[in-house]
file protein.cif (mmCIF, C-alpha atoms)
data_run
#
loop_
_atom_site.group_PDB
_atom_site.id
_atom_site.type_symbol
_atom_site.label_atom_id
_atom_site.label_comp_id
_atom_site.auth_asym_id
_atom_site.auth_seq_id
_atom_site.Cartn_x
_atom_site.Cartn_y
_atom_site.Cartn_z
ATOM 1 C CA MET A 194 165.504 66.055 157.543
ATOM 2 C CA GLU A 195 165.897 67.983 160.797
ATOM 3 C CA TYR A 196 164.781 71.580 160.494
ATOM 4 C CA LEU A 197 165.681 74.513 162.753
ATOM 5 C CA MET A 198 164.596 78.075 162.122
ATOM 6 C CA THR A 199 164.241 81.210 164.189
ATOM 7 C CA ASP A 200 161.490 83.747 163.854
ATOM 8 C CA ALA A 201 164.024 86.457 162.961
ATOM 9 C CA THR A 202 163.918 85.364 159.323
ATOM 10 C CA VAL A 203 160.207 86.119 158.942
ATOM 11 C CA PRO A 204 158.651 89.579 159.374
ATOM 12 C CA THR A 205 156.366 89.709 162.384
ATOM 13 C CA PRO A 206 152.771 89.665 161.091
ATOM 14 C CA ALA A 207 149.777 91.251 162.753
ATOM 15 C CA PHE A 208 147.997 88.793 164.993
ATOM 16 C CA PRO A 209 145.637 87.105 164.927
ATOM 17 C CA ILE A 210 146.017 85.846 161.363
ATOM 18 C CA LEU A 211 142.493 85.071 160.184
ATOM 19 C CA CYS A 212 142.157 82.840 157.133
ATOM 20 C CA HIS A 213 138.584 82.613 155.897
ATOM 21 C CA VAL A 214 137.299 80.093 153.364
ATOM 22 C CA THR A 215 138.151 81.198 149.830
ATOM 23 C CA PRO A 216 135.517 82.147 147.221
ATOM 24 C CA TRP A 217 137.088 79.460 145.009
ATOM 25 C CA TYR A 218 136.006 76.773 147.475
ATOM 26 C CA PHE A 219 132.413 78.007 147.520
ATOM 27 C CA ARG A 220 132.308 78.238 143.720
ATOM 28 C CA ARG A 221 133.620 74.697 143.356
ATOM 29 C CA MET A 222 131.251 73.290 145.975
ATOM 30 C CA GLY A 223 128.348 75.244 144.491
ATOM 31 C CA MET A 224 129.041 73.833 141.030
ATOM 32 C CA MET A 225 129.294 70.299 142.433
ATOM 33 C CA THR A 226 126.020 70.732 144.319
ATOM 34 C CA LEU A 227 124.256 72.028 141.219
ATOM 35 C CA MET A 228 125.660 69.246 139.036
ATOM 36 C CA VAL A 229 124.625 66.499 141.470
ATOM 37 C CA ALA A 230 121.162 68.048 141.880
ATOM 38 C CA VAL A 231 120.696 68.168 138.094
ATOM 39 C CA PHE A 232 121.624 64.490 137.850
ATOM 40 C CA GLY A 233 119.117 63.681 140.588
ATOM 41 C CA ILE A 234 116.322 65.548 138.810
ATOM 42 C CA TYR A 235 117.269 63.828 135.553
ATOM 43 C CA PHE A 236 117.013 60.385 137.190
ATOM 44 C CA LEU A 237 113.622 61.213 138.682
ATOM 45 C CA TYR A 238 112.379 62.575 135.354
ATOM 46 C CA ASP A 239 113.377 59.369 133.585
ATOM 47 C CA GLY A 240 111.671 57.255 136.230
ATOM 48 C CA LYS A 241 108.481 59.304 136.164
ATOM 49 C CA TYR A 242 108.218 60.253 132.480
ATOM 50 C CA GLY A 243 111.145 59.173 130.276
ATOM 51 C CA TYR A 244 111.126 55.405 130.774
ATOM 52 C CA PRO A 245 107.306 55.034 130.836
ATOM 53 C CA LYS A 246 107.100 57.068 127.620
ATOM 54 C CA ALA A 247 109.705 54.803 126.014
ATOM 55 C CA ASN A 248 107.624 51.790 127.039
ATOM 56 C CA VAL A 249 104.530 53.325 125.442
ATOM 57 C CA ILE A 250 106.442 53.616 122.167
ATOM 58 C CA ALA A 251 107.667 50.025 122.534
ATOM 59 C CA ASP A 252 104.029 48.980 123.039
ATOM 60 C CA LYS A 253 103.117 50.852 119.876
ATOM 61 C CA LYS A 254 105.686 48.894 117.900
ATOM 62 C CA THR A 255 104.361 45.626 119.311
ATOM 63 C CA TRP A 256 100.820 46.677 118.340
ATOM 64 C CA PHE A 257 102.058 47.663 114.872
ATOM 65 C CA GLU A 258 103.649 44.268 114.293
ATOM 66 C CA GLU A 259 100.987 42.069 115.890
ATOM 67 C CA VAL A 260 97.845 43.923 114.823
ATOM 68 C CA VAL A 261 98.491 46.184 111.843
ATOM 69 C CA LEU A 262 100.939 44.050 109.884
ATOM 70 C CA LYS A 263 99.265 40.769 110.818
ATOM 71 C CA SER A 264 95.830 41.982 109.680
ATOM 72 C CA PHE A 265 97.381 43.366 106.482
ATOM 73 C CA ASP A 266 98.963 40.005 105.693
ATOM 74 C CA GLU A 267 95.634 38.260 106.274
ATOM 75 C CA ALA A 268 93.818 40.729 103.997
ATOM 76 C CA LYS A 269 96.472 40.332 101.318
ATOM 77 C CA SER A 270 96.170 36.550 101.441
ATOM 78 C CA ALA A 271 92.409 36.891 101.023
ATOM 79 C CA GLY A 272 92.761 39.435 98.208
ATOM 80 C CA LYS A 273 91.031 42.143 100.250
ATOM 81 C CA VAL A 274 93.787 44.728 100.563
ATOM 82 C CA ASP A 275 91.505 47.566 99.349
ATOM 83 C CA ILE A 276 88.935 46.769 102.025
ATOM 84 C CA TRP A 277 91.673 46.588 104.645
ATOM 85 C CA VAL A 278 93.062 49.970 103.581
ATOM 86 C CA GLU A 279 89.628 51.579 103.882
ATOM 87 C CA ASN A 280 89.049 50.086 107.316
ATOM 88 C CA ALA A 281 92.546 51.089 108.416
ATOM 89 C CA ARG A 282 91.950 54.707 107.360
ATOM 90 C CA GLN A 283 88.708 54.823 109.315
ATOM 91 C CA GLN A 284 90.571 53.662 112.434
ATOM 92 C CA GLY A 285 93.514 56.015 111.899
ATOM 93 C CA TRP A 286 95.968 53.233 111.170
ATOM 94 C CA PRO A 287 98.927 53.547 108.805
ATOM 95 C CA THR A 288 97.974 52.123 105.408
ATOM 96 C CA GLY A 289 101.139 51.926 103.344
ATOM 97 C CA ARG A 290 101.264 52.815 99.638
ATOM 98 C CA ASP A 291 100.390 51.085 96.377
ATOM 99 C CA GLY A 292 99.302 47.883 98.060
ATOM 100 C CA GLU A 293 102.516 47.609 100.071
ATOM 101 C CA PRO A 294 102.346 46.981 103.820
ATOM 102 C CA PRO A 295 102.842 49.979 106.100
ATOM 103 C CA ARG A 296 106.366 50.429 107.405
ATOM 104 C CA TRP A 297 107.172 51.015 111.055
ATOM 105 C CA VAL A 298 110.108 53.267 110.130
ATOM 106 C CA SER A 299 107.797 55.684 108.336
ATOM 107 C CA TYR A 300 105.120 55.509 111.018
ATOM 108 C CA ALA A 301 107.680 56.145 113.772
ATOM 109 C CA ALA A 302 109.229 59.052 111.851
ATOM 110 C CA GLU A 303 105.823 60.750 111.582
ATOM 111 C CA HIS A 304 105.604 60.771 115.381
ATOM 112 C CA SER A 305 109.317 61.463 116.041
ATOM 113 C CA TRP A 306 109.728 58.056 117.644
ATOM 114 C CA PRO A 307 112.919 55.974 117.584
ATOM 115 C CA GLU A 308 113.141 53.239 114.978
ATOM 116 C CA LYS A 309 114.105 50.691 117.626
ATOM 117 C CA PRO A 310 112.411 51.686 120.882
ATOM 118 C CA HIS A 311 113.809 50.186 124.060
ATOM 119 C CA ARG A 312 111.546 48.599 126.645
ATOM 120 C CA TYR A 313 112.456 49.164 130.289
ATOM 121 C CA THR A 314 111.622 46.726 133.050
ATOM 122 C CA GLN A 315 109.898 47.794 136.244
ATOM 123 C CA LYS A 316 113.178 47.187 138.055
ATOM 124 C CA GLU A 317 114.971 49.638 135.772
ATOM 125 C CA ILE A 318 112.248 52.224 136.343
ATOM 126 C CA ASP A 319 112.434 51.775 140.116
ATOM 127 C CA GLU A 320 116.216 52.146 139.993
ATOM 128 C CA GLN A 321 115.830 55.632 138.528
ATOM 129 C CA PHE A 322 113.946 56.714 141.643
ATOM 130 C CA TRP A 323 116.612 55.184 143.869
ATOM 131 C CA TRP A 324 119.389 56.920 141.952
ATOM 132 C CA GLY A 325 117.443 60.167 141.866
ATOM 133 C CA GLY A 326 116.777 60.100 145.590
ATOM 134 C CA GLY A 327 120.387 59.189 146.345
ATOM 135 C CA THR A 328 121.916 61.938 144.219
ATOM 136 C CA LEU A 329 119.503 64.568 145.560
ATOM 137 C CA PHE A 330 120.410 63.476 149.087
ATOM 138 C CA ALA A 331 124.075 63.903 148.144
ATOM 139 C CA ALA A 332 123.268 67.394 146.838
ATOM 140 C CA VAL A 333 121.660 68.234 150.191
ATOM 141 C CA ILE A 334 124.782 67.016 152.005
ATOM 142 C CA LEU A 335 126.980 69.188 149.786
ATOM 143 C CA GLY A 336 124.721 72.149 150.480
ATOM 144 C CA VAL A 337 125.012 71.530 154.225
ATOM 145 C CA MET A 338 128.808 71.371 153.868
ATOM 146 C CA ILE A 339 128.747 74.793 152.209
ATOM 147 C CA LEU A 340 126.741 76.222 155.108
ATOM 148 C CA VAL A 341 128.933 74.532 157.721
ATOM 149 C CA ASN A 342 132.111 75.911 156.135
ATOM 150 C CA LYS A 343 130.688 79.399 155.713
ATOM 151 C CA ASN A 344 131.986 80.641 159.084
ATOM 152 C CA LYS A 345 135.050 78.425 159.481
ATOM 153 C CA VAL A 346 138.364 80.188 160.053
ATOM 154 C CA LEU A 347 141.977 79.076 160.340
ATOM 155 C CA ARG A 348 143.528 81.332 162.994
ATOM 156 C CA GLY A 349 147.201 81.929 163.571
ATOM 157 C CA GLU A 350 148.671 83.280 166.826
ATOM 158 C CA PRO A 351 152.264 84.064 167.886
ATOM 159 C CA ASP A 352 152.777 80.683 169.586
ATOM 160 C CA HIS A 353 150.035 78.477 168.143
ATOM 161 C CA PHE A 354 147.371 78.140 165.484
ATOM 162 C CA VAL A 355 143.773 77.022 165.785
ATOM 163 C CA THR A 356 142.349 74.693 163.157
ATOM 164 C CA PRO A 357 138.946 75.390 161.566
ATOM 165 C CA GLU A 358 137.605 72.591 163.785
ATOM 166 C CA GLY A 359 138.707 74.498 166.895
ATOM 167 C CA LYS A 360 141.763 72.417 167.842
ATOM 168 C CA ARG A 361 144.765 74.290 169.177
ATOM 169 C CA VAL A 362 148.205 73.355 167.838
ATOM 170 C CA ASN A 363 151.148 74.803 169.747
ATOM 171 C CA TYR A 364 154.181 75.455 167.591
ATOM 172 C CA ALA A 365 156.387 74.062 170.356
ATOM 173 C CA ASP A 366 154.460 70.767 170.266
ATOM 174 C CA SER A 367 154.987 70.269 166.515
ATOM 175 C CA PHE A 368 157.621 67.696 165.605
ATOM 176 C CA ARG A 369 157.007 66.939 161.925
ATOM 177 C CA ILE A 370 155.761 68.957 158.929
ATOM 178 C CA ASP A 371 154.974 67.335 155.578
ATOM 179 C CA LYS A 372 155.036 69.894 152.733
ATOM 180 C CA ARG A 373 155.302 67.464 149.833
ATOM 181 C CA LEU A 374 151.832 68.424 148.544
ATOM 182 C CA TRP A 375 152.211 72.143 149.161
ATOM 183 C CA ASP A 376 153.302 73.210 145.676
ATOM 184 C CA ASN A 377 150.577 71.258 143.855
ATOM 185 C CA LYS A 378 147.640 71.202 146.283
ATOM 186 C CA GLY A 379 148.470 73.785 148.930
ATOM 187 C CA LEU A 380 148.413 71.161 151.700
ATOM 188 C CA ALA A 381 150.747 70.874 154.675
ATOM 189 C CA TYR A 382 150.359 68.230 157.388
ATOM 190 C CA VAL A 383 151.522 69.078 160.898
ATOM 191 C CA TRP A 384 152.179 66.324 163.440
ATOM 192 C CA HIS A 385 152.155 67.489 167.040
ATOM 193 C CA ARG A 386 151.870 66.170 170.591
ATOM 194 C CA PRO A 387 149.204 68.143 172.429
ATOM 195 C CA GLY A 388 150.402 68.701 175.991
ATOM 196 C CA GLY A 389 154.008 67.591 175.588
ATOM 197 C CA ASP A 390 156.295 64.805 174.412
ATOM 198 C CA SER A 391 154.423 62.085 176.307
ATOM 199 C CA ALA A 392 151.110 62.823 174.568
ATOM 200 C CA GLN A 393 149.694 60.795 171.702
ATOM 201 C CA PRO A 394 150.689 62.288 168.304
ATOM 202 C CA ALA A 395 147.963 64.067 166.346
ATOM 203 C CA LYS A 396 147.821 65.487 162.837
ATOM 204 C CA ALA A 397 146.537 68.881 161.725
ATOM 205 C CA VAL A 398 146.117 70.203 158.190
ATOM 206 C CA ILE A 399 146.948 73.623 156.781
ATOM 207 C CA ASP A 400 145.000 74.032 153.531
ATOM 208 C CA ASP A 401 146.022 77.072 151.500
ATOM 209 C CA LEU A 402 143.542 76.369 148.683
ATOM 210 C CA LYS A 403 140.567 76.316 151.017
ATOM 211 C CA TYR A 404 141.650 78.970 153.518
ATOM 212 C CA GLU A 405 142.843 82.232 152.059
ATOM 213 C CA GLY A 406 146.251 83.283 153.344
ATOM 214 C CA ALA A 407 146.967 80.012 155.153
ATOM 215 C CA VAL A 408 150.541 80.301 153.924
ATOM 216 C CA ARG A 409 151.046 83.066 156.513
ATOM 217 C CA VAL A 410 150.176 80.636 159.299
ATOM 218 C CA LEU A 411 152.590 78.100 157.846
ATOM 219 C CA ASP A 412 155.325 80.752 157.645
ATOM 220 C CA VAL A 413 154.937 81.604 161.336
ATOM 221 C CA LEU A 414 154.946 77.909 162.222
ATOM 222 C CA MET A 415 158.085 77.334 160.164
ATOM 223 C CA ALA A 416 159.774 80.296 161.859
ATOM 224 C CA ASN A 417 159.251 78.605 165.226
ATOM 225 C CA PHE A 418 159.702 75.003 164.129
ATOM 226 C CA LYS A 419 162.317 72.532 165.323
ATOM 227 C CA GLY A 420 161.774 69.068 163.959
ATOM 228 C CA GLU A 421 161.463 66.904 160.875
ATOM 229 C CA LEU A 422 160.562 68.630 157.610
ATOM 230 C CA LEU A 423 159.360 66.588 154.627
ATOM 231 C CA GLU A 424 159.518 68.390 151.298
ATOM 232 C CA LYS A 425 159.090 67.333 147.699
ATOM 233 C CA VAL A 426 162.487 66.526 146.255
ATOM 234 C CA GLN A 427 162.995 67.767 142.716
ATOM 235 C CA PRO A 428 164.773 65.197 140.519
ATOM 236 C CA PRO A 429 168.232 66.340 139.452
ATOM 237 C CA GLU A 430 168.620 67.450 135.880
ATOM 238 C CA THR A 431 170.126 64.767 133.668
ATOM 239 C CA PRO A 432 173.501 65.980 132.420
ATOM 240 C CA VAL A 433 173.869 66.062 128.673
ATOM 241 C CA ASP A 434 176.801 64.076 127.377
ATOM 242 C CA ASP A 435 179.319 66.201 125.465
ATOM 243 C CA ALA A 436 179.407 63.689 122.618
ATOM 244 C CA GLU A 437 175.628 63.850 122.250
ATOM 245 C CA THR A 438 175.784 67.647 122.249
ATOM 246 C CA GLU A 439 178.392 67.683 119.494
ATOM 247 C CA ALA A 440 176.389 65.143 117.476
ATOM 248 C CA GLY A 441 173.321 67.348 117.776
ATOM 249 C CA LYS A 442 175.242 70.349 116.507
ATOM 250 C CA GLU A 443 176.615 68.427 113.540
ATOM 251 C CA ALA A 444 173.111 67.182 112.617
#

call {"tool": "encode", "arguments": {"input": "protein.cif", "output": "structure tokens"}}
result
Amino acid sequence: MEYLMTDATVPTPAFPILCHVTPWYFRRMGMMTLMVAVFGIYFLYDGKYGYPKANVIADKKTWFEEVVLKSFDEAKSAGKVDIWVENARQQGWPTGRDGEPPRWVSYAAEHSWPEKPHRYTQKEIDEQFWWGGGTLFAAVILGVMILVNKNKVLRGEPDHFVTPEGKRVNYADSFRIDKRLWDNKGLAYVWHRPGGDSAQPAKAVIDDLKYEGAVRVLDVLMANFKGELLEKVQPPETPVDDAETEAGKEA
């Protein structure tokens, strides 16, 4: 759709229009950084303490089955359960009750251990350090992005705007504006030819969610824009058939 508009329809704003990064952006990025950092610490904790501790418990269950229960069965076969119980008590082993073999479930419950401990391989333990290091590195990158964006500004002037990256976009060089994501995400894409019609087309972004008041820059651009405008088309309302309406009333 070809679009033509004069600046008489829009009140003249005070220039320059300075759009700083919104607090919302910093809150969102801060929460993401914190969340990723917590995951990284969690991975490292599991690699250093969690998984090795789980393996210790798995070793305890193996010892329980291969040493405690096996020696109990041998003593029972030899009719020396009482002697076994006395020796087990002296060594701090579980002894069971009334001549019955000790139960791992009870022994594990006394120590707050899982009934079925999982054994982790060395590869799985090493992976926790890789994941932990990777996620902490990602958290550092997010933190750097916060610092980099701290002083970024979208600036609007009477005949051009300057992107946060420092690129100048002349309104007269703009030939297409895509506003289809504006209502939902506050994004408008501006195609322009820096230096005239023979230049290679480039794309700039106006982000109203990230830069507070960016809509004012877009308004000034639209007031001086002659070109193709892409907007989200709302689907037409489906007309209600008269017969269906009457049937609904009768029901």

call {"tool": "residues_around", "arguments": {"input": "protein.cif", "residues": "stretch 224-233 of chain A", "least_positions_apart": "4", "cutoff": "8 Å", "atoms": "only C-alpha atoms", "output": "list in words"}}
result
Arg220, Leu237, Trp324, Gly325, Gly326, Gly327, Thr328, Leu329, Ala331, Ala332, Val333, Leu335 and Gly336 of chain A

call {"tool": "residues_around", "arguments": {"input": "protein.cif", "residues": "A:Tyr218", "least_positions_apart": "2", "cutoff": "10 Å", "atoms": "all atoms listed in the file", "output": "list of chain:residue names"}}
result
A:Val214, A:Thr215, A:Pro216, A:Arg220, A:Arg221, A:Met222, A:Gly223, A:Met224, A:Ile339, A:Asn342, A:Leu402, A:Lys403, A:Tyr404, A:Glu405

call {"tool": "closest_residue", "arguments": {"input": "protein.cif", "among": "A:Ser299, A:Lys309, A:Val413, A:Tyr242", "to": "A:Asp352", "atoms": "all atoms listed in the file"}}
result
A:Val413

call {"tool": "atom_distance", "arguments": {"input": "protein.cif", "atom1": "atom CA of A:Thr314", "atom2": "atom CA of A:Val260"}}
result
23.0 Å

call {"tool": "residues_around", "arguments": {"input": "protein.cif", "residues": "stretch 284-289 of chain A", "least_positions_apart": "3", "cutoff": "10 Å", "atoms": "all atoms listed in the file", "output": "PyMOL selection string"}}
result
chain A and resi 257+261-262+265+274-275+277-281+292-297+299-300

call {"tool": "residues_near_point", "arguments": {"input": "protein.cif", "point": "(112.1, 51.2, 137.4)", "cutoff": "12 Å", "atoms": "all atoms listed in the file", "output": "count of residues only"}}
result
25

call {"tool": "build_atoms", "arguments": {"input": "protein.cif", "residues": "stretch 214-249 of chain A", "atoms": "N, CA and C atoms", "output": "JSON list (two decimals), keeping the file's coordinate frame"}}
result
[["chain", "number", "residue", "atom", "x", "y", "z"],
["A", 214, "VAL", "N", 137.46, 80.99, 154.51],
["A", 214, "VAL", "CA", 137.30, 80.09, 153.36],
["A", 214, "VAL", "C", 137.29, 80.92, 152.08],
["A", 215, "THR", "N", 138.00, 80.44, 151.08],
["A", 215, "THR", "CA", 138.15, 81.20, 149.83],
["A", 215, "THR", "C", 136.88, 81.14, 148.98],
["A", 216, "PRO", "N", 136.64, 82.19, 148.17],
["A", 216, "PRO", "CA", 135.52, 82.15, 147.22],
["A", 216, "PRO", "C", 135.63, 80.98, 146.25],
["A", 217, "TRP", "N", 136.87, 80.59, 145.92],
["A", 217, "TRP", "CA", 137.09, 79.46, 145.01],
["A", 217, "TRP", "C", 136.44, 78.19, 145.56],
["A", 218, "TYR", "N", 136.58, 77.97, 146.86],
["A", 218, "TYR", "CA", 136.01, 76.77, 147.48],
["A", 218, "TYR", "C", 134.49, 76.78, 147.34],
["A", 219, "PHE", "N", 133.87, 77.93, 147.61],
["A", 219, "PHE", "CA", 132.41, 78.01, 147.52],
["A", 219, "PHE", "C", 131.93, 77.85, 146.08],
["A", 220, "ARG", "N", 132.68, 78.41, 145.13],
["A", 220, "ARG", "CA", 132.31, 78.24, 143.72],
["A", 220, "ARG", "C", 132.38, 76.77, 143.32],
["A", 221, "ARG", "N", 133.45, 76.11, 143.71],
["A", 221, "ARG", "CA", 133.62, 74.70, 143.36],
["A", 221, "ARG", "C", 132.53, 73.85, 144.00],
["A", 222, "MET", "N", 132.28, 74.07, 145.29],
["A", 222, "MET", "CA", 131.25, 73.29, 145.98],
["A", 222, "MET", "C", 129.87, 73.60, 145.42],
["A", 223, "GLY", "N", 129.64, 74.88, 145.07],
["A", 223, "GLY", "CA", 128.35, 75.24, 144.49],
["A", 223, "GLY", "C", 128.11, 74.56, 143.16],
["A", 224, "MET", "N", 129.16, 74.50, 142.32],
["A", 224, "MET", "CA", 129.04, 73.83, 141.03],
["A", 224, "MET", "C", 128.80, 72.34, 141.22],
["A", 225, "MET", "N", 129.50, 71.73, 142.17],
["A", 225, "MET", "CA", 129.29, 70.30, 142.43],
["A", 225, "MET", "C", 127.87, 70.03, 142.92],
["A", 226, "THR", "N", 127.38, 70.90, 143.80],
["A", 226, "THR", "CA", 126.02, 70.73, 144.32],
["A", 226, "THR", "C", 125.00, 70.83, 143.20],
["A", 227, "LEU", "N", 125.18, 71.84, 142.34],
["A", 227, "LEU", "CA", 124.26, 72.03, 141.22],
["A", 227, "LEU", "C", 124.30, 70.84, 140.27],
["A", 228, "MET", "N", 125.51, 70.37, 139.96],
["A", 228, "MET", "CA", 125.66, 69.25, 139.04],
["A", 228, "MET", "C", 124.99, 67.99, 139.58],
["A", 229, "VAL", "N", 125.22, 67.69, 140.86],
["A", 229, "VAL", "CA", 124.62, 66.50, 141.47],
["A", 229, "VAL", "C", 123.11, 66.63, 141.52],
["A", 230, "ALA", "N", 122.61, 67.84, 141.83],
["A", 230, "ALA", "CA", 121.16, 68.05, 141.88],
["A", 230, "ALA", "C", 120.53, 67.85, 140.50],
["A", 231, "VAL", "N", 121.21, 68.34, 139.46],
["A", 231, "VAL", "CA", 120.70, 68.17, 138.09],
["A", 231, "VAL", "C", 120.62, 66.69, 137.74],
["A", 232, "PHE", "N", 121.66, 65.93, 138.10],
["A", 232, "PHE", "CA", 121.62, 64.49, 137.85],
["A", 232, "PHE", "C", 120.45, 63.84, 138.58],
["A", 233, "GLY", "N", 120.23, 64.25, 139.83],
["A", 233, "GLY", "CA", 119.12, 63.68, 140.59],
["A", 233, "GLY", "C", 117.77, 63.95, 139.94],
["A", 234, "ILE", "N", 117.58, 65.20, 139.49],
["A", 234, "ILE", "CA", 116.32, 65.55, 138.81],
["A", 234, "ILE", "C", 116.18, 64.76, 137.51],
["A", 235, "TYR", "N", 117.30, 64.58, 136.81],
["A", 235, "TYR", "CA", 117.27, 63.83, 135.55],
["A", 235, "TYR", "C", 116.85, 62.37, 135.80],
["A", 236, "PHE", "N", 117.40, 61.76, 136.86],
["A", 236, "PHE", "CA", 117.01, 60.38, 137.19],
["A", 236, "PHE", "C", 115.52, 60.30, 137.51],
["A", 237, "LEU", "N", 115.04, 61.23, 138.31],
["A", 237, "LEU", "CA", 113.62, 61.21, 138.68],
["A", 237, "LEU", "C", 112.73, 61.44, 137.47],
["A", 238, "TYR", "N", 113.17, 62.32, 136.57],
["A", 238, "TYR", "CA", 112.38, 62.58, 135.35],
["A", 238, "TYR", "C", 112.28, 61.31, 134.51],
["A", 239, "ASP", "N", 113.40, 60.61, 134.37],
["A", 239, "ASP", "CA", 113.38, 59.37, 133.58],
["A", 239, "ASP", "C", 112.46, 58.33, 134.23],
["A", 240, "GLY", "N", 112.52, 58.23, 135.56],
["A", 240, "GLY", "CA", 111.67, 57.26, 136.23],
["A", 240, "GLY", "C", 110.19, 57.59, 136.13],
["A", 241, "LYS", "N", 109.88, 58.88, 136.17],
["A", 241, "LYS", "CA", 108.48, 59.30, 136.16],
["A", 241, "LYS", "C", 107.92, 59.43, 134.75],
["A", 242, "TYR", "N", 108.73, 59.96, 133.82],
["A", 242, "TYR", "CA", 108.22, 60.25, 132.48],
["A", 242, "TYR", "C", 109.00, 59.56, 131.36],
["A", 243, "GLY", "N", 110.34, 59.66, 131.39],
["A", 243, "GLY", "CA", 111.14, 59.17, 130.28],
["A", 243, "GLY", "C", 110.99, 57.70, 129.98],
["A", 244, "TYR", "N", 111.22, 56.85, 130.99],
["A", 244, "TYR", "CA", 111.13, 55.40, 130.77],
["A", 244, "TYR", "C", 109.70, 54.95, 130.47],
["A", 245, "PRO", "N", 108.68, 55.43, 131.20],
["A", 245, "PRO", "CA", 107.31, 55.03, 130.84],
["A", 245, "PRO", "C", 106.93, 55.45, 129.42],
["A", 246, "LYS", "N", 107.39, 56.63, 128.99],
["A", 246, "LYS", "CA", 107.10, 57.07, 127.62],
["A", 246, "LYS", "C", 107.77, 56.14, 126.61],
["A", 247, "ALA", "N", 109.01, 55.73, 126.90],
["A", 247, "ALA", "CA", 109.70, 54.80, 126.01],
["A", 247, "ALA", "C", 108.96, 53.48, 125.93],
["A", 248, "ASN", "N", 108.39, 53.04, 127.04],
["A", 248, "ASN", "CA", 107.62, 51.79, 127.04],
["A", 248, "ASN", "C", 106.34, 51.92, 126.23],
["A", 249, "VAL", "N", 105.73, 53.10, 126.26],
["A", 249, "VAL", "CA", 104.53, 53.32, 125.44],
["A", 249, "VAL", "C", 104.87, 53.18, 123.96]]
